[in-house]
$ cat start_8.pdb   # PDB, C-alpha atoms
ATOM      1  CA  MET A   1     -16.439  -0.095  -8.641
ATOM      2  CA  LEU A   2     -12.961  -1.293  -7.638
ATOM      3  CA  MET A   3     -11.258  -3.796  -9.873
ATOM      4  CA  ARG A   4      -9.061  -6.580  -8.593
ATOM      5  CA  LEU A   5      -5.348  -6.373  -9.398
ATOM      6  CA  PRO A   6      -4.414  -9.298 -11.614
ATOM      7  CA  LEU A   7      -2.654 -12.341 -10.279
ATOM      8  CA  TRP A   8       0.269 -13.968 -12.080
ATOM      9  CA  GLY A   9      -0.680 -14.616 -15.705
ATOM     10  CA  GLU A  10      -3.677 -12.264 -15.775
ATOM     11  CA  SER A  11      -3.740  -9.048 -17.797
ATOM     12  CA  VAL A  12      -3.323  -5.611 -16.209
ATOM     13  CA  SER A  13      -4.143  -3.870 -19.490
ATOM     14  CA  GLU A  14      -7.814  -4.943 -19.370
ATOM     15  CA  GLN A  15      -8.406  -2.870 -16.256
ATOM     16  CA  LYS A  16     -10.307   0.373 -16.840
ATOM     17  CA  GLU A  17     -10.098   2.021 -13.423
ATOM     18  CA  PRO A  18      -7.160   3.118 -11.269
ATOM     19  CA  ARG A  19      -6.145   0.695  -8.561
ATOM     20  CA  LEU A  20      -3.572   1.182  -5.837
ATOM     21  CA  SER A  21      -1.657  -1.713  -4.320
ATOM     22  CA  VAL A  22       1.144  -1.644  -1.772
ATOM     23  CA  LEU A  23       3.756  -4.420  -1.859
ATOM     24  CA  ARG A  24       5.747  -5.099   1.295
ATOM     25  CA  LEU A  25       9.048  -6.676   0.242
ATOM     26  CA  GLY A  26      11.167  -8.818   2.531
ATOM     27  CA  HIS A  27       8.946  -9.267   5.605
ATOM     28  CA  ARG A  28      10.760 -11.057   8.438
ATOM     29  CA  ILE A  29       8.440 -12.604  11.022
ATOM     30  CA  GLU A  30      10.567 -12.092  14.121
ATOM     31  CA  ARG A  31      11.937  -8.677  13.262
ATOM     32  CA  ASP A  32       9.167  -6.939  11.299
ATOM     33  CA  LYS A  33       5.877  -7.958  12.953
ATOM     34  CA  ARG A  34       4.857  -4.523  14.105
ATOM     35  CA  ILE A  35       6.299  -2.445  11.268
ATOM     36  CA  THR A  36       4.688  -4.648   8.600
ATOM     37  CA  SER A  37       1.365  -4.494  10.420
ATOM     38  CA  HIS A  38       1.611  -0.688  10.545
ATOM     39  CA  LEU A  39       2.523  -0.503   6.845
ATOM     40  CA  GLY A  40      -0.718  -2.269   5.962
ATOM     41  CA  LEU A  41      -2.788  -0.095   8.283
ATOM     42  CA  THR A  42      -1.202   3.020   6.797
ATOM     43  CA  ALA A  43      -1.785   1.781   3.254
ATOM     44  CA  ARG A  44      -5.454   1.176   4.097
ATOM     45  CA  ALA A  45      -5.939   4.546   5.811
ATOM     46  CA  PHE A  46      -4.384   6.384   2.860
ATOM     47  CA  GLY A  47      -6.476   4.692   0.183
ATOM     48  CA  ALA A  48      -4.798   1.478  -0.964
ATOM     49  CA  ASP A  49      -7.096  -1.106  -2.491
ATOM     50  CA  GLU A  50      -4.735  -3.986  -1.747
ATOM     51  CA  ILE A  51      -1.707  -4.862   0.356
ATOM     52  CA  ILE A  52       0.578  -7.640  -0.763
ATOM     53  CA  LEU A  53       2.972  -9.300   1.670
ATOM     54  CA  SER A  54       6.194 -10.954   0.540
ATOM     55  CA  GLY A  55       9.204 -12.365   2.340
ATOM     56  CA  GLU A  56       8.552 -14.860   5.099
ATOM     57  CA  GLU A  57       4.987 -16.156   4.900
ATOM     58  CA  ASP A  58       3.008 -14.845   7.864
ATOM     59  CA  ASP A  59      -0.779 -14.908   8.314
ATOM     60  CA  THR A  60      -0.736 -12.530  11.305
ATOM     61  CA  PRO A  61      -0.515  -9.193   9.407
ATOM     62  CA  LEU A  62      -3.007 -10.418   6.791
ATOM     63  CA  GLU A  63      -5.502 -11.276   9.542
ATOM     64  CA  THR A  64      -4.919  -7.927  11.287
ATOM     65  CA  TRP A  65      -5.520  -5.949   8.078
ATOM     66  CA  LYS A  66      -8.690  -7.873   7.244
ATOM     67  CA  GLU A  67     -10.001  -7.519  10.809
ATOM     68  CA  VAL A  68      -9.419  -3.751  10.851
ATOM     69  CA  SER A  69     -11.155  -3.363   7.481
ATOM     70  CA  GLU A  70     -14.168  -5.343   8.699
ATOM     71  CA  ARG A  71     -14.355  -3.323  11.887
ATOM     72  CA  PHE A  72     -13.610   0.175  10.589
ATOM     73  CA  GLY A  73     -14.880  -0.202   7.009
ATOM     74  CA  GLY A  74     -13.463  -0.072   3.538
ATOM     75  CA  THR A  75     -12.348  -2.763   1.193
ATOM     76  CA  LEU A  76      -8.738  -3.804   1.467
ATOM     77  CA  GLU A  77      -7.663  -6.986  -0.216
ATOM     78  CA  CYS A  78      -4.761  -8.725   1.494
ATOM     79  CA  ARG A  79      -2.639 -11.561   0.202
ATOM     80  CA  TYR A  80       0.783 -13.191   0.258
ATOM     81  CA  GLU A  81       3.000 -13.219  -2.853
ATOM     82  CA  PRO A  82       5.802 -15.824  -2.774
ATOM     83  CA  LYS A  83       7.622 -14.482  -5.880
ATOM     84  CA  PRO A  84       7.381 -10.691  -5.718
ATOM     85  CA  MET A  85      10.002  -9.836  -8.344
ATOM     86  CA  ARG A  86       8.415 -12.150 -10.903
ATOM     87  CA  TRP A  87       5.037 -10.625 -10.051
ATOM     88  CA  LEU A  88       6.447  -7.080 -10.462
ATOM     89  CA  ARG A  89       8.053  -7.898 -13.831
ATOM     90  CA  ASN A  90       4.705  -9.223 -15.076
ATOM     91  CA  PHE A  91       2.834  -6.241 -13.613
ATOM     92  CA  SER A  92       5.154  -3.874 -15.479
ATOM     93  CA  LYS A  93       4.934  -5.788 -18.771
ATOM     94  CA  GLU A  94       1.144  -5.597 -18.569
ATOM     95  CA  GLY A  95       1.168  -1.802 -18.223
ATOM     96  CA  GLY A  96       1.059  -1.293 -14.467
ATOM     97  CA  ARG A  97       3.211   1.447 -12.944
ATOM     98  CA  ILE A  98       5.718   0.660 -10.206
ATOM     99  CA  VAL A  99       6.557   3.282  -7.584
ATOM    100  CA  HIS A 100       9.511   2.216  -5.415
ATOM    101  CA  LEU A 101       9.882   4.075  -2.110
ATOM    102  CA  THR A 102      13.599   4.262  -1.361
ATOM    103  CA  MET A 103      15.874   6.759   0.342
ATOM    104  CA  TYR A 104      18.016   6.654  -2.822
ATOM    105  CA  GLY A 105      15.279   7.998  -5.100
ATOM    106  CA  LYS A 106      14.266  11.436  -6.304
ATOM    107  CA  SER A 107      12.387  13.744  -3.951
ATOM    108  CA  TRP A 108       8.707  12.957  -3.499
ATOM    109  CA  ARG A 109       8.020  16.698  -3.722
ATOM    110  CA  GLU A 110       9.068  16.643  -7.397
ATOM    111  CA  ILE A 111       7.946  13.164  -8.393
ATOM    112  CA  SER A 112       4.495  12.928  -6.784
ATOM    113  CA  GLU A 113       3.182  15.638  -9.128
ATOM    114  CA  ILE A 114       4.055  13.670 -12.275
ATOM    115  CA  ILE A 115       2.953  10.142 -11.324
ATOM    116  CA  PRO A 116      -0.380   9.516 -13.034
ATOM    117  CA  PHE A 117      -3.116   7.512 -11.342
ATOM    118  CA  ASP A 118      -5.102   6.437 -14.350
ATOM    119  CA  GLY A 119      -4.490   2.697 -14.114
ATOM    120  CA  PRO A 120      -2.957   0.089 -11.826
ATOM    121  CA  VAL A 121      -0.127   1.324  -9.590
ATOM    122  CA  VAL A 122       1.870  -0.599  -7.025
ATOM    123  CA  VAL A 123       3.897   1.187  -4.359
ATOM    124  CA  VAL A 124       6.785  -1.034  -3.273
ATOM    125  CA  VAL A 125       8.102  -0.693   0.269
ATOM    126  CA  GLY A 126      11.218  -2.687   1.112
ATOM    127  CA  GLY A 127      12.213  -4.261   4.370
ATOM    128  CA  THR A 128      15.523  -6.051   4.060
ATOM    129  CA  LYS A 129      17.934  -5.146   1.284
ATOM    130  CA  VAL A 130      15.866  -4.890  -1.896
ATOM    131  CA  PRO A 131      17.016  -6.549  -5.134
ATOM    132  CA  GLY A 132      18.969  -4.136  -7.347
ATOM    133  CA  GLU A 133      16.693  -5.119 -10.231
ATOM    134  CA  LEU A 134      13.850  -3.209  -8.564
ATOM    135  CA  PHE A 135      15.575   0.139  -9.198
ATOM    136  CA  GLY A 136      15.610  -0.685 -12.917
ATOM    137  CA  ILE A 137      12.063  -1.950 -13.350
ATOM    138  CA  ALA A 138      10.453   0.748 -11.206
ATOM    139  CA  ASP A 139       8.876   3.561 -13.175
ATOM    140  CA  TYR A 140       9.617   5.908 -10.276
ATOM    141  CA  ASN A 141      12.221   5.582  -7.509
ATOM    142  CA  VAL A 142      10.900   8.001  -4.895
ATOM    143  CA  ALA A 143      12.502   9.264  -1.675
ATOM    144  CA  VAL A 144      10.682  10.982   1.162
ATOM    145  CA  GLY A 145      14.134  11.746   2.503
ATOM    146  CA  ASN A 146      17.664  10.738   1.583
ATOM    147  CA  GLN A 147      18.483   9.660   5.126
ATOM    148  CA  PRO A 148      17.529   6.431   6.922
ATOM    149  CA  HIS A 149      13.914   6.658   8.102
ATOM    150  CA  SER A 150      10.799   4.623   8.763
ATOM    151  CA  GLU A 151       9.144   2.979   5.787
ATOM    152  CA  VAL A 152       5.766   3.596   7.455
ATOM    153  CA  ALA A 153       6.463   7.339   7.572
ATOM    154  CA  ALA A 154       7.635   7.292   3.955
ATOM    155  CA  LEU A 155       4.462   5.525   2.807
ATOM    156  CA  ALA A 156       2.196   7.924   4.711
ATOM    157  CA  VAL A 157       3.952  11.075   3.466
ATOM    158  CA  PHE A 158       4.060   9.854  -0.118
ATOM    159  CA  LEU A 159       0.435   8.675  -0.279
ATOM    160  CA  ASP A 160      -0.847  11.825   1.421
ATOM    161  CA  THR A 161       1.044  14.036  -1.028
ATOM    162  CA  TRP A 162       0.215  11.957  -4.082
ATOM    163  CA  ARG A 163      -3.419  11.034  -3.424
ATOM    164  CA  GLY A 164      -4.513  13.699  -0.942
ATOM    165  CA  GLU A 165      -7.146  13.326   1.745
ATOM    166  CA  LEU A 166      -9.771  10.630   1.248
ATOM    167  CA  GLY A 167     -13.401  11.110   2.089
ATOM    168  CA  SER A 168     -14.828   9.295   5.109
ATOM    169  CA  GLU A 169     -17.448   7.648   2.865
ATOM    170  CA  ARG A 170     -14.711   5.220   1.781
ATOM    171  CA  PHE A 171     -14.926   3.660   5.244
ATOM    172  CA  SER A 172     -18.665   4.026   5.874
ATOM    173  CA  ASP A 173     -19.425   0.302   5.866
ATOM    174  CA  GLY A 174     -17.618  -0.580   9.110
ATOM    175  CA  THR A 175     -19.140  -1.616  12.402
ATOM    176  CA  VAL A 176     -17.198   1.129  14.196
ATOM    177  CA  GLU A 177     -16.835   4.796  13.287
ATOM    178  CA  VAL A 178     -14.427   7.225  14.911
ATOM    179  CA  VAL A 179     -15.991  10.652  15.365
ATOM    180  CA  PRO A 180     -13.414  13.463  15.263
ATOM    181  CA  SER A 181     -13.241  15.288  18.588
ATOM    182  CA  ASP A 182     -11.244  18.137  20.107
ATOM    183  CA  SER A 183     -10.848  16.174  23.321
ATOM    184  CA  GLY A 184     -11.412  12.589  24.304
ATOM    185  CA  LYS A 185     -12.435   9.615  22.233
ATOM    186  CA  LYS A 186     -15.731   9.293  20.418
ATOM    187  CA  ILE A 187     -16.654   6.024  18.789
ATOM    188  CA  VAL A 188     -20.017   5.092  17.322
ATOM    189  CA  THR A 189     -20.890   1.453  16.736
ATOM    190  CA  LYS A 190     -23.597   0.207  14.400
ATOM    191  CA  GLU A 191     -25.550  -0.933  17.470
ATOM    192  CA  ASP A 192     -25.682   2.681  18.798
TER     193      ASP A 192
END

$ encode --input "start_8.pdb" --output "structure tokens"
Amino acid sequence: MLMRLPLWGESVSEQKEPRLSVLRLGHRIERDKRITSHLGLTARAFGADEIILSGEEDDTPLETWKEVSERFGGTLECRYEPKPMRWLRNFSKEGGRIVHLTMYGKSWREISEIIPFDGPVVVVVGGTKVPGELFGIADYNVAVGNQPHSEVAALAVFLDTWRGELGSERFSDGTVEVVPSDSGKKIVTKED
């Protein structure tokens, strides 16, 4: 059973099971449409329970993420957070762990082995310049590389290394299933 990550004012410490959220900081509607959409799809594919959007309020990525989850299966909660730093401070105070993906952090090869997943964790992925405070409140500042690179690539590499491959049963409730194939595309729909 997956537990919902608490909203502002609710307690993280009451949660018994691990829960993975991804927070997209600093979304800009005109500049980040596609990259933000891909961050959510990557988070979903690599096992996130929730994606939280912050920055400019935009329903488009939230609708895309929900639509993909309905179609391809899985449960991914999606929401907008207007005050992400306040939310992160509260999350930390309540016992949640914050993993900040940044090119200025320590190597994911070292860090991913020591980050426990025994309670709520949020992976923070920045867009525009992130507040300096984030480096201080994060439990782990993690770099996939110390050179400029795609935040989507960083999220995928980190989650794959940290969580490993997920079973297909996680997505078994969709209306569409992709069947792995050596050549061509194979899709099975519930009607088939």

$ resolve_selection --input "start_8.pdb" --expression "the PyMOL selection byres ((chain A and resi 127) around 7)" --output "list in words"
Leu25, Gly26, His27, Val125, Gly126, Thr128 and Lys129 of chain A

$ write_last_selection --input "start_8.pdb" --atoms "C-alpha atoms" --output "compact mmCIF listing (two decimals), in the coordinates of the input"
# COMPACT_ATOMS: atom_id res chain seq x y z
CA LEU A 25 9.05 -6.68 0.24
CA GLY A 26 11.17 -8.82 2.53
CA HIS A 27 8.95 -9.27 5.60
CA VAL A 125 8.10 -0.69 0.27
CA GLY A 126 11.22 -2.69 1.11
CA THR A 128 15.52 -6.05 4.06
CA LYS A 129 17.93 -5.15 1.28

$ closest_residue --input "start_8.pdb" --among "A:Leu76, A:Ile29, A:Val144, A:Leu155" --to "A:Arg170" --atoms "only C-alpha atoms"
A:Leu76

$ resolve_selection --input "start_8.pdb" --expression "the PyMOL selection byres ((chain A and resi 97-113) around 7)" --output "number ranges by chain"
A: 92, 95-96, 114-115, 120-125, 138-148, 158, 161-162

$ closest_residue --input "start_8.pdb" --among "A:Val157, A:Ser37, A:Arg71, A:Leu23" --to "A:Trp87" --atoms "all atoms listed in the file"
A:Leu23

$ atom_distance --input "start_8.pdb" --atom1 "atom CA of A:Pro116" --atom2 "atom CA of A:Leu62"
28.2 Å

$ atom_distance --input "start_8.pdb" --atom1 "atom CA of A:His149" --atom2 "atom CA of A:Leu39"
13.5 Å

$ atom_distance --input "start_8.pdb" --atom1 "atom CA of A:Ile187" --atom2 "atom CA of A:Arg44"
19.1 Å

$ closest_residue --input "start_8.pdb" --among "A:Arg31, A:Asp49, A:Val68, A:Pro84" --to "A:Leu134" --atoms "only C-alpha atoms"
A:Pro84

$ closest_residue --input "start_8.pdb" --among "A:Thr75, A:Thr64, A:Thr36, A:Ser183" --to "A:Glu151" --atoms "all atoms listed in the file"
A:Thr36

$ residues_around --input "start_8.pdb" --residues "A:Thr175" --least-positions-apart "5" --cutoff "8 Å" --atoms "only C-alpha atoms" --output "list in words"
Glu70, Arg71, Phe72, Gly73, Thr189 and Lys190 of chain A

$ write_last_selection --input "start_8.pdb" --atoms "C-alpha atoms" --output "PDB file, in the frame of the given file"
ATOM      1  CA  GLU A  70     -14.168  -5.343   8.699  1.00  0.00           C
ATOM      2  CA  ARG A  71     -14.355  -3.323  11.887  1.00  0.00           C
ATOM      3  CA  PHE A  72     -13.610   0.175  10.589  1.00  0.00           C
ATOM      4  CA  GLY A  73     -14.880  -0.202   7.009  1.00  0.00           C
ATOM      5  CA  THR A 189     -20.890   1.453  16.736  1.00  0.00           C
ATOM      6  CA  LYS A 190     -23.597   0.207  14.400  1.00  0.00           C
TER       7      LYS A 190
END

$ axis_aligned_box --input "start_8.pdb" --around "stretch 50-67 of chain A" --padding-each-side "4 Å" --output "lines of an AutoDock Vina configuration file"
center_x = -0.4
center_y = -10.1
center_z = 4.8
size_x = 27.2
size_y = 20.2
size_z = 21.1

$ closest_residue --input "start_8.pdb" --among "A:Cys78, A:Leu88, A:Val130, A:Ala156" --to "A:Ala43" --atoms "only C-alpha atoms"
A:Ala156
